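**Student:** You'll find input25.tsv just under this line, and it carries TSV, C-alpha atoms.
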chain	number	residue	atom	x	y	z
A	1	MET	CA	16.67	-4.68	11.61
A	2	LYS	CA	17.47	-3.64	8.04
A	3	ALA	CA	15.13	-1.55	5.86
A	4	ILE	CA	15.22	0.36	2.60
A	5	THR	CA	14.69	4.00	3.50
A	6	ILE	CA	13.89	7.16	1.55
A	7	THR	CA	16.71	9.53	2.57
A	8	LYS	CA	15.13	12.48	0.74
A	9	TYR	CA	12.60	12.97	-2.05
A	10	GLY	CA	14.00	12.32	-5.50
A	11	GLY	CA	15.13	9.64	-7.94
A	12	PRO	CA	15.83	5.96	-7.23
A	13	GLU	CA	19.28	6.82	-5.87
A	14	VAL	CA	17.72	8.30	-2.69
A	15	LEU	CA	16.85	4.77	-1.52
A	16	GLN	CA	19.35	3.52	1.03
A	17	LEU	CA	19.76	0.40	3.15
A	18	ALA	CA	19.74	1.37	6.85
A	19	GLU	CA	19.36	-0.02	10.34
A	20	VAL	CA	16.01	0.88	11.92
A	21	PRO	CA	14.43	0.00	15.30
A	22	ASP	CA	13.06	-3.51	15.81
A	23	LEU	CA	9.27	-3.96	15.88
A	24	ILE	CA	6.95	-5.42	18.49
A	25	PRO	CA	3.40	-6.46	17.52
A	26	SER	CA	0.52	-4.84	19.39
A	27	GLU	CA	-2.66	-6.57	20.60
A	28	ASN	CA	-4.06	-7.74	17.23
A	29	GLU	CA	-0.90	-7.56	15.13
A	30	VAL	CA	1.52	-10.20	13.86
A	31	LEU	CA	5.24	-9.78	13.29
A	32	ILE	CA	6.35	-11.12	9.90
A	33	GLN	CA	9.90	-11.98	8.92
A	34	VAL	CA	9.80	-10.71	5.35
A	35	LYS	CA	10.95	-13.04	2.58
A	36	ALA	CA	9.85	-10.84	-0.33
A	37	SER	CA	8.38	-7.37	-0.89
A	38	GLY	CA	6.26	-6.33	-3.87
A	39	ILE	CA	7.07	-3.08	-5.68
A	40	ASN	CA	4.23	-0.83	-6.79
A	41	ARG	CA	3.80	2.48	-8.58
A	42	SER	CA	2.73	4.01	-5.27
A	43	ASP	CA	6.22	3.35	-3.92
A	44	ILE	CA	7.67	5.48	-6.73
A	45	LEU	CA	5.30	8.33	-5.94
A	46	GLN	CA	6.10	8.11	-2.22
A	47	ARG	CA	9.82	8.26	-2.99
A	48	GLN	CA	9.21	11.35	-5.12
A	49	GLY	CA	7.24	13.08	-2.36
A	50	LYS	CA	3.95	12.88	-4.27
A	51	TYR	CA	2.11	10.29	-2.16
A	52	ALA	CA	2.64	10.45	1.59
A	53	ALA	CA	2.08	7.38	3.72
A	54	PRO	CA	-0.81	7.44	6.21
A	55	ASP	CA	0.00	8.64	9.73
A	56	SER	CA	-0.25	5.05	10.95
A	57	THR	CA	2.96	4.00	9.19
A	58	SER	CA	6.44	5.20	8.27
A	59	ASN	CA	6.81	7.65	5.40
A	60	GLU	CA	10.52	6.81	5.20
A	61	ILE	CA	10.06	3.12	4.35
A	62	PRO	CA	7.96	2.30	1.25
A	63	GLY	CA	6.24	-1.00	0.52
A	64	LEU	CA	2.59	-2.07	0.40
A	65	GLU	CA	2.81	-5.88	0.26
A	66	VAL	CA	5.02	-8.64	1.59
A	67	SER	CA	5.25	-12.37	2.10
A	68	GLY	CA	7.03	-14.17	4.88
A	69	ILE	CA	6.82	-16.16	8.11
A	70	ILE	CA	5.04	-15.05	11.28
A	71	THR	CA	7.58	-14.91	14.11
A	72	ALA	CA	5.41	-13.40	16.88
A	73	CYS	CA	1.75	-12.66	17.59
A	74	GLY	CA	0.08	-10.02	19.71
A	75	PRO	CA	-1.97	-11.28	22.70
A	76	GLU	CA	-5.34	-10.85	20.93
A	77	VAL	CA	-4.39	-12.62	17.68
A	78	THR	CA	-6.58	-15.66	17.00
A	79	GLN	CA	-6.20	-16.35	13.26
A	80	TRP	CA	-2.46	-17.07	13.11
A	81	LYS	CA	0.39	-18.67	15.01
A	82	LYS	CA	4.15	-18.48	14.98
A	83	GLY	CA	5.55	-20.24	11.91
A	84	ASP	CA	2.59	-19.59	9.58
A	85	GLN	CA	3.52	-18.59	6.03
A	86	VAL	CA	1.50	-15.57	4.91
A	87	CYS	CA	1.31	-12.65	2.54
A	88	ALA	CA	-0.05	-9.33	3.74
A	89	LEU	CA	-1.43	-5.99	2.59
A	90	LEU	CA	0.27	-3.03	4.28
A	91	ALA	CA	-0.23	0.71	4.48
A	92	GLY	CA	3.56	1.07	4.15
A	93	ALA	CA	6.99	0.02	5.50
A	94	GLY	CA	7.17	-3.21	3.51
A	95	TYR	CA	10.76	-2.77	2.31
A	96	ALA	CA	12.12	-4.18	5.57
A	97	GLU	CA	13.36	-7.39	7.21
A	98	TYR	CA	10.32	-7.40	9.49
A	99	VAL	CA	6.87	-5.80	9.39
A	100	VAL	CA	3.94	-5.63	11.79
A	101	VAL	CA	0.39	-5.76	10.45
A	102	LYS	CA	-3.07	-6.43	11.83
A	103	GLU	CA	-3.99	-10.10	11.61
A	104	GLY	CA	-7.03	-9.47	9.39
A	105	GLN	CA	-4.85	-8.15	6.55
A	106	CYS	CA	-2.93	-11.42	6.18
A	107	LEU	CA	-3.67	-14.36	3.90
A	108	PRO	CA	-2.03	-17.79	3.75
A	109	VAL	CA	0.53	-18.28	1.00
A	110	PRO	CA	-1.52	-20.12	-1.65
A	111	LEU	CA	-0.74	-23.80	-2.21
A	112	GLY	CA	1.93	-24.23	-4.85
A	113	LEU	CA	3.29	-20.68	-4.68
A	114	ASN	CA	6.67	-19.57	-3.33
A	115	PHE	CA	7.34	-16.41	-1.31
A	116	ILE	CA	8.31	-14.37	-4.40
A	117	GLU	CA	5.01	-15.18	-6.11
A	118	ALA	CA	2.98	-14.65	-2.93
A	119	ALA	CA	4.47	-11.18	-2.37
A	120	SER	CA	3.11	-10.10	-5.76
A	121	LEU	CA	-0.51	-10.74	-4.79
A	122	PRO	CA	-1.96	-8.52	-2.03
A	123	GLU	CA	-1.91	-5.03	-3.53
A	124	THR	CA	-3.10	-6.15	-6.96
A	125	VAL	CA	-5.76	-8.69	-5.98
A	126	PHE	CA	-7.23	-6.42	-3.30
A	127	THR	CA	-7.36	-3.52	-5.76
A	128	VAL	CA	-8.88	-5.58	-8.55
A	129	TRP	CA	-11.54	-7.24	-6.41
A	130	SER	CA	-12.61	-4.06	-4.61
A	131	ASN	CA	-12.78	-1.91	-7.74
A	132	ILE	CA	-13.86	-4.16	-10.60
A	133	PHE	CA	-16.12	-6.60	-8.79
A	134	GLU	CA	-17.41	-4.66	-5.77
A	135	ARG	CA	-17.41	-1.07	-6.99
A	136	GLY	CA	-17.76	-1.86	-10.70
A	137	LYS	CA	-20.13	-4.82	-10.19
A	138	LEU	CA	-18.72	-6.70	-13.18
A	139	LYS	CA	-20.86	-9.75	-13.97
A	140	PRO	CA	-20.21	-12.86	-16.06
A	141	GLY	CA	-20.95	-12.11	-19.72
A	142	GLU	CA	-20.22	-8.38	-19.37
A	143	SER	CA	-17.21	-6.67	-20.97
A	144	LEU	CA	-14.25	-5.15	-19.14
A	145	LEU	CA	-11.66	-2.69	-20.46
A	146	VAL	CA	-8.40	-2.47	-18.51
A	147	HIS	CA	-5.96	0.33	-19.29
A	148	GLY	CA	-2.36	-0.64	-18.56
A	149	GLY	CA	-2.91	-4.31	-19.22
A	150	SER	CA	0.71	-5.37	-18.67
A	151	SER	CA	1.00	-3.76	-15.24
A	152	GLY	CA	0.62	-5.76	-12.04
A	153	ILE	CA	-2.98	-4.57	-11.77
A	154	GLY	CA	-3.58	-5.28	-15.45
A	155	ILE	CA	-2.34	-8.87	-15.55
A	156	THR	CA	-4.36	-9.58	-12.42
A	157	ALA	CA	-7.55	-8.00	-13.75
A	158	ILE	CA	-7.30	-9.81	-17.09
A	159	GLN	CA	-6.90	-13.25	-15.57
A	160	ILE	CA	-9.55	-12.92	-12.87
A	161	ALA	CA	-12.19	-11.35	-15.10
A	162	HIS	CA	-11.54	-13.96	-17.80
A	163	ALA	CA	-11.73	-16.80	-15.27
A	164	LEU	CA	-15.05	-15.49	-13.94
A	165	GLY	CA	-16.66	-15.33	-17.37
A	166	SER	CA	-16.27	-11.77	-18.63
A	167	LYS	CA	-14.98	-10.56	-21.99
A	168	VAL	CA	-11.76	-8.61	-21.51
A	169	PHE	CA	-10.17	-5.83	-23.54
A	170	THR	CA	-6.97	-4.01	-22.68
A	171	THR	CA	-4.66	-1.24	-23.84
A	172	VAL	CA	-0.88	-1.67	-23.82
A	173	GLY	CA	2.23	0.10	-25.11
A	174	SER	CA	3.83	-2.51	-27.36
A	175	GLU	CA	3.06	-5.50	-29.55
A	176	GLU	CA	4.99	-7.74	-27.15
A	177	LYS	CA	2.74	-6.63	-24.29
A	178	ALA	CA	-0.35	-7.08	-26.46
A	179	THR	CA	0.61	-10.65	-27.27
A	180	TYR	CA	1.27	-11.48	-23.64
A	181	CYS	CA	-2.02	-10.00	-22.42
A	182	THR	CA	-3.87	-11.99	-25.08
A	183	GLU	CA	-2.18	-15.16	-23.84
A	184	LEU	CA	-3.37	-14.34	-20.30
A	185	GLY	CA	-7.00	-14.08	-21.40
A	186	SER	CA	-7.56	-10.70	-23.01
A	187	ASP	CA	-9.95	-11.06	-25.95
A	188	LEU	CA	-8.41	-8.04	-27.66
A	189	SER	CA	-5.24	-6.15	-26.69
A	190	ILE	CA	-4.86	-2.71	-28.28
A	191	ASN	CA	-1.50	-0.99	-28.76
A	192	TYR	CA	-2.37	2.61	-27.84
A	193	LYS	CA	0.76	3.87	-29.62
A	194	THR	CA	-0.48	2.70	-33.01
A	195	GLU	CA	-4.26	2.30	-32.55
A	196	ASP	CA	-7.17	4.34	-31.17
A	197	PHE	CA	-8.99	2.28	-28.54
A	198	GLU	CA	-12.10	4.45	-28.86
A	199	GLU	CA	-12.38	3.81	-32.59
A	200	ILE	CA	-11.98	0.06	-32.09
A	201	LEU	CA	-14.18	-0.42	-29.01
A	202	LYS	CA	-17.02	2.07	-29.52
A	203	PRO	CA	-18.88	-0.28	-31.91
A	204	LYS	CA	-18.50	-3.14	-29.42
A	205	GLY	CA	-19.43	-1.26	-26.23
A	206	ILE	CA	-17.90	-1.76	-22.79
A	207	ASP	CA	-19.67	-2.34	-19.46
A	208	VAL	CA	-16.86	-1.65	-16.96
A	209	ILE	CA	-13.59	0.27	-17.37
A	210	LEU	CA	-10.69	0.17	-14.91
A	211	ASP	CA	-8.59	3.25	-15.60
A	212	MET	CA	-5.28	4.40	-14.13
A	213	ILE	CA	-4.57	6.94	-16.91
A	214	ALA	CA	-7.36	9.59	-16.80
A	215	GLY	CA	-6.53	12.85	-18.63
A	216	PRO	CA	-7.29	12.43	-22.36
A	217	TYR	CA	-8.65	8.93	-21.77
A	218	PHE	CA	-11.60	10.25	-19.75
A	219	GLN	CA	-13.80	11.35	-22.66
A	220	LYS	CA	-12.84	8.34	-24.74
A	221	ASN	CA	-13.89	6.10	-21.85
A	222	LEU	CA	-17.31	7.72	-21.68
A	223	ASN	CA	-17.71	7.33	-25.43
A	224	VAL	CA	-17.06	3.57	-25.43
A	225	LEU	CA	-19.17	2.75	-22.37
A	226	ASN	CA	-22.54	1.07	-22.83
A	227	GLU	CA	-25.68	2.38	-21.17
A	228	GLU	CA	-25.43	1.68	-17.43
A	229	GLY	CA	-21.65	1.50	-17.86
A	230	ARG	CA	-19.27	1.94	-14.91
A	231	LEU	CA	-16.00	3.87	-15.06
A	232	ILE	CA	-13.64	3.22	-12.15
A	233	HIS	CA	-10.51	5.32	-11.56
A	234	ILE	CA	-7.56	4.08	-9.49
A	235	ASN	CA	-4.96	6.62	-10.66
A	236	ALA	CA	-4.56	9.66	-12.91
A	237	GLU	CA	-1.15	9.24	-14.52
A	238	ASN	CA	-1.94	11.54	-17.45
A	239	GLY	CA	-3.87	14.25	-15.62
A	240	LYS	CA	-6.42	14.56	-12.82
A	241	ASN	CA	-8.43	17.51	-14.21
A	242	VAL	CA	-11.00	16.66	-16.88
A	243	GLU	CA	-14.20	18.08	-18.41
A	244	LEU	CA	-17.46	16.19	-18.02
A	245	ASP	CA	-20.49	16.35	-20.29
A	246	ILE	CA	-23.28	15.87	-17.74
A	247	TRP	CA	-25.84	15.25	-20.47
A	248	GLN	CA	-23.86	12.30	-21.80
A	249	LEU	CA	-23.66	10.94	-18.26
A	250	MET	CA	-27.43	11.24	-17.86
A	251	VAL	CA	-28.41	9.82	-21.23
A	252	LYS	CA	-26.19	6.73	-20.88
A	253	ARG	CA	-26.80	6.44	-17.11
A	254	ILE	CA	-23.07	6.07	-16.51
A	255	THR	CA	-21.61	5.63	-13.03
A	256	ILE	CA	-18.20	7.23	-12.43
A	257	SER	CA	-16.28	6.22	-9.35
A	258	GLY	CA	-12.80	5.81	-7.97
A	259	SER	CA	-10.95	4.76	-4.88
A	260	THR	CA	-7.65	4.50	-3.04
A	261	LEU	CA	-7.07	1.42	-0.91
A	262	ARG	CA	-4.14	2.52	1.21
A	263	VAL	CA	-6.02	4.88	3.54
A	264	ARG	CA	-9.07	2.67	4.11
A	265	ASP	CA	-9.70	1.62	7.70
A	266	TYR	CA	-9.01	-1.78	9.20
A	267	ASN	CA	-12.64	-2.91	9.24
A	268	TYR	CA	-12.83	-2.43	5.47
A	269	LYS	CA	-9.51	-4.17	4.79
A	270	ASN	CA	-10.43	-7.05	7.09
A	271	ARG	CA	-13.71	-7.58	5.24
A	272	LEU	CA	-11.96	-7.29	1.87
A	273	THR	CA	-9.36	-9.86	2.93
A	274	LYS	CA	-12.12	-12.38	3.57
A	275	GLU	CA	-13.69	-11.67	0.16
A	276	VAL	CA	-10.35	-12.07	-1.62
A	277	PHE	CA	-9.68	-15.36	0.16
A	278	LYS	CA	-13.15	-16.65	-0.73
A	279	ASN	CA	-13.20	-15.55	-4.37
A	280	ILE	CA	-9.61	-15.37	-5.63
A	281	TRP	CA	-7.58	-17.92	-3.66
A	282	PRO	CA	-9.52	-20.83	-5.27
A	283	LEU	CA	-8.69	-19.42	-8.73
A	284	ILE	CA	-4.99	-19.41	-7.82
A	285	GLU	CA	-5.00	-22.90	-6.38
A	286	ASN	CA	-6.97	-24.23	-9.38
A	287	GLY	CA	-4.47	-22.72	-11.81
A	288	LYS	CA	-6.92	-20.22	-13.33
A	289	PHE	CA	-4.90	-17.23	-12.12
A	290	LYS	CA	-1.12	-17.21	-11.84
A	291	PRO	CA	1.24	-14.51	-10.58
A	292	VAL	CA	3.40	-12.99	-13.31
A	293	ILE	CA	6.86	-12.08	-12.05
A	294	TYR	CA	8.87	-9.89	-14.42
A	295	LYS	CA	12.07	-9.62	-12.41
A	296	THR	CA	13.38	-10.16	-8.90
A	297	PHE	CA	16.03	-7.97	-7.25
A	298	SER	CA	17.98	-8.45	-4.05
A	299	TYR	CA	16.86	-6.09	-1.29
A	300	GLN	CA	20.35	-4.60	-1.53
A	301	ASN	CA	19.56	-3.54	-5.09
A	302	ALA	CA	16.30	-1.63	-4.50
A	303	VAL	CA	17.61	1.31	-6.57
A	304	SER	CA	17.77	-0.88	-9.68
A	305	ALA	CA	14.33	-2.29	-8.92
A	306	HIS	CA	12.83	1.21	-8.92
A	307	LYS	CA	14.69	2.10	-12.13
A	308	CYS	CA	13.20	-1.02	-13.71
A	309	MET	CA	9.67	0.01	-12.79
A	310	GLU	CA	10.17	3.57	-14.01
A	311	ASP	CA	11.52	2.27	-17.32
A	312	GLY	CA	8.02	0.97	-18.05
A	313	SER	CA	8.99	-2.01	-20.18
A	314	HIS	CA	8.07	-4.63	-17.56
A	315	ILE	CA	5.22	-7.10	-17.87
A	316	GLY	CA	3.89	-8.14	-14.48
A	317	LYS	CA	5.38	-7.63	-11.05
A	318	ILE	CA	8.82	-6.57	-9.77
A	319	ILE	CA	9.86	-8.07	-6.43
A	320	LEU	CA	12.51	-7.45	-3.76
A	321	ASP	CA	14.01	-10.69	-2.45
A	322	TRP	CA	15.09	-10.56	1.21
A	323	GLU	CA	16.77	-13.94	0.99
A	324	ALA	CA	19.06	-13.08	-1.95
Just give me the structure of the file as structure tokens.
**Tutor:**
Amino acid sequence: MKAITITKYGGPEVLQLAEVPDLIPSENEVLIQVKASGINRSDILQRQGKYAAPDSTSNEIPGLEVSGIITACGPEVTQWKKGDQVCALLAGAGYAEYVVVKEGQCLPVPLGLNFIEAASLPETVFTVWSNIFERGKLKPGESLLVHGGSSGIGITAIQIAHALGSKVFTTVGSEEKATYCTELGSDLSINYKTEDFEEILKPKGIDVILDMIAGPYFQKNLNVLNEEGRLIHINAENGKNVELDIWQLMVKRITISGSTLRVRDYNYKNRLTKEVFKNIWPLIENGKFKPVIYKTFSYQNAVSAHKCMEDGSHIGKIILDWEA
């Protein structure tokens, strides 16, 4: 089968289309003929040698989410059958014609969505639900601040939190992105290049913050949080080492947390899949949350797809099309 492989660590040009061994599903796995693969920031880091894949999957083939058609099932699979259309969360190896994944990490393609749209869902919706709503315990009526509002995570967080009754604020890097995030449901979208989010939001107060920036944002986040506020980290793009004023933490009773989804075990991902299906799939099928696709590239043009993500001007998801 064909796959996009990392030939060595480096820039987008190290990605290369290659023939790799065919796959056979094990006891509780399904084999999916991939129709589309989602591209994520983690794929960039893996290509650069900064984020190794877990031992359970290939470090040479990136890709954390796909959509497609099940073509074979392991002998213990009970949830799916050959021919089912699904999207799936992976630990890696999603840039390929076929993938194998445990059955409990698959979801049906939502009604009304195509394969391109479905491939954009797993990594973002799993991340948003597990961090904002489970770890962050965001409730209707509370306020959420999302840094990186125009990213795949951002556009997902805005729509879901808005649909479930929270007030949403976000930071973005341009007026165009601010306008788009506001249209998706953000109550206020702040251009961090021209405005100081701390100055604007401190008088309002924030209950939950989803942060992928860290670095200089850390102290500002603490300053804008309400008492009992929750700060959740899912990346540290601007620096992982910060200083913490313990007294401020104590006085405001702030909870600081963070997580990575990729290395979590199957039992956790299986449970999370059920929660996502229960809580988010109805929002999609009722039109309250829609995938935002910025651009689609042929699988033969993965280099350009990575260049597009690194450029940083995109709004929403970038997808590899295996049918193009």
**Student:** Just the residues within 9 Å of A:Glu65, please, counting all atoms listed in the file, with nothing from its chain fewer than 3 positions along; format it as an MDAnalysis selection string.
**Tutor:** chainID A and resid 36:40 87:95 119:123
**Student:** So how many Å separate atom CA of A:Thr273 and atom CA of A:Pro25, to one decimal?
**Tutor:**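 Pair atom CA of A:Thr273 / atom CA of A:Pro25 returns 19.7 Å.
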**Student:** Check which residues of stretch 172-221 of chain A sit at most 10 Å from stretch 138-159 of chain A using only C-alpha atoms, and return one row each with the closest pair of atoms and their distance in Å to one decimal, ordered by chain and rising number, as a Markdown table.
**Tutor:**
| residue | atom | partner | partner_atom | distance |
| --- | --- | --- | --- | --- |
| A:Val172 | CA | A:Gly148 | CA | 5.6 |
| A:Gly173 | CA | A:Gly148 | CA | 8.0 |
| A:Ser174 | CA | A:Ser150 | CA | 9.7 |
| A:Glu176 | CA | A:Ser150 | CA | 9.8 |
| A:Lys177 | CA | A:Ser150 | CA | 6.1 |
| A:Ala178 | CA | A:Ser150 | CA | 8.0 |
| A:Tyr180 | CA | A:Ser150 | CA | 7.9 |
| A:Cys181 | CA | A:Ser150 | CA | 6.6 |
| A:Thr182 | CA | A:Ile158 | CA | 9.0 |
| A:Glu183 | CA | A:Gln159 | CA | 9.7 |
| A:Leu184 | CA | A:Gln159 | CA | 6.0 |
| A:Gly185 | CA | A:Gln159 | CA | 5.9 |
| A:Ser186 | CA | A:Ile158 | CA | 6.0 |
| A:Asp187 | CA | A:Ile158 | CA | 9.3 |
| A:Leu188 | CA | A:Leu145 | CA | 9.5 |
| A:Ser189 | CA | A:Gly149 | CA | 8.0 |
| A:Ile190 | CA | A:Gly149 | CA | 9.4 |
| A:Tyr192 | CA | A:His147 | CA | 9.5 |
| A:Phe197 | CA | A:Leu145 | CA | 9.9 |
| A:Leu201 | CA | A:Leu145 | CA | 9.2 |
| A:Lys204 | CA | A:Ser143 | CA | 9.2 |
| A:Gly205 | CA | A:Ser143 | CA | 7.9 |
| A:Ile206 | CA | A:Ser143 | CA | 5.3 |
| A:Asp207 | CA | A:Ser143 | CA | 5.2 |
| A:Val208 | CA | A:Leu144 | CA | 4.9 |
| A:Ile209 | CA | A:Leu145 | CA | 4.7 |
| A:Leu210 | CA | A:Val146 | CA | 5.0 |
| A:Asp211 | CA | A:His147 | CA | 5.4 |
| A:Met212 | CA | A:His147 | CA | 6.6 |
| A:Ile213 | CA | A:His147 | CA | 7.2 |
| A:Ala214 | CA | A:His147 | CA | 9.7 |
| A:Tyr217 | CA | A:His147 | CA | 9.3 |
| A:Asn221 | CA | A:Leu145 | CA | 9.2 |
**Student:** List as a VMD selection string the protein and nucleic acid residues near A:Ile319, meaning an atom at most 12 Å away when only C-alpha atoms are counted, but skip any in the same chain fewer than 4 places from it.
**Tutor:** chain A and resid 35 to 40 63 to 67 94 to 95 115 to 121 152 291 to 299 301 to 302 304 to 306 308 to 309 314 323 to 324
**Student:** Go through A:Ile32, A:Ile44, A:Ala53, A:Leu249 and flag the residue nearest A:Val86, using only C-alpha atoms for the distances.
**Tutor:**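 Among the listed residues, the smallest separation from A:Val86 belongs to A:Ile32.
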**Student:** Tell me, in Å to one decimal, how far atom CA of A:Ile280 is from atom CA of A:Val125.
**Tutor:**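 Between these atoms lies a distance of 7.7 Å.
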**Student:** For A:Phe277, which residue out of A:Val168, A:Lys193, A:Val109, A:Ala236 is the nearest one, using all atoms listed in the file?
**Tutor:**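 Among the listed residues, the smallest separation from A:Phe277 belongs to A:Val109.
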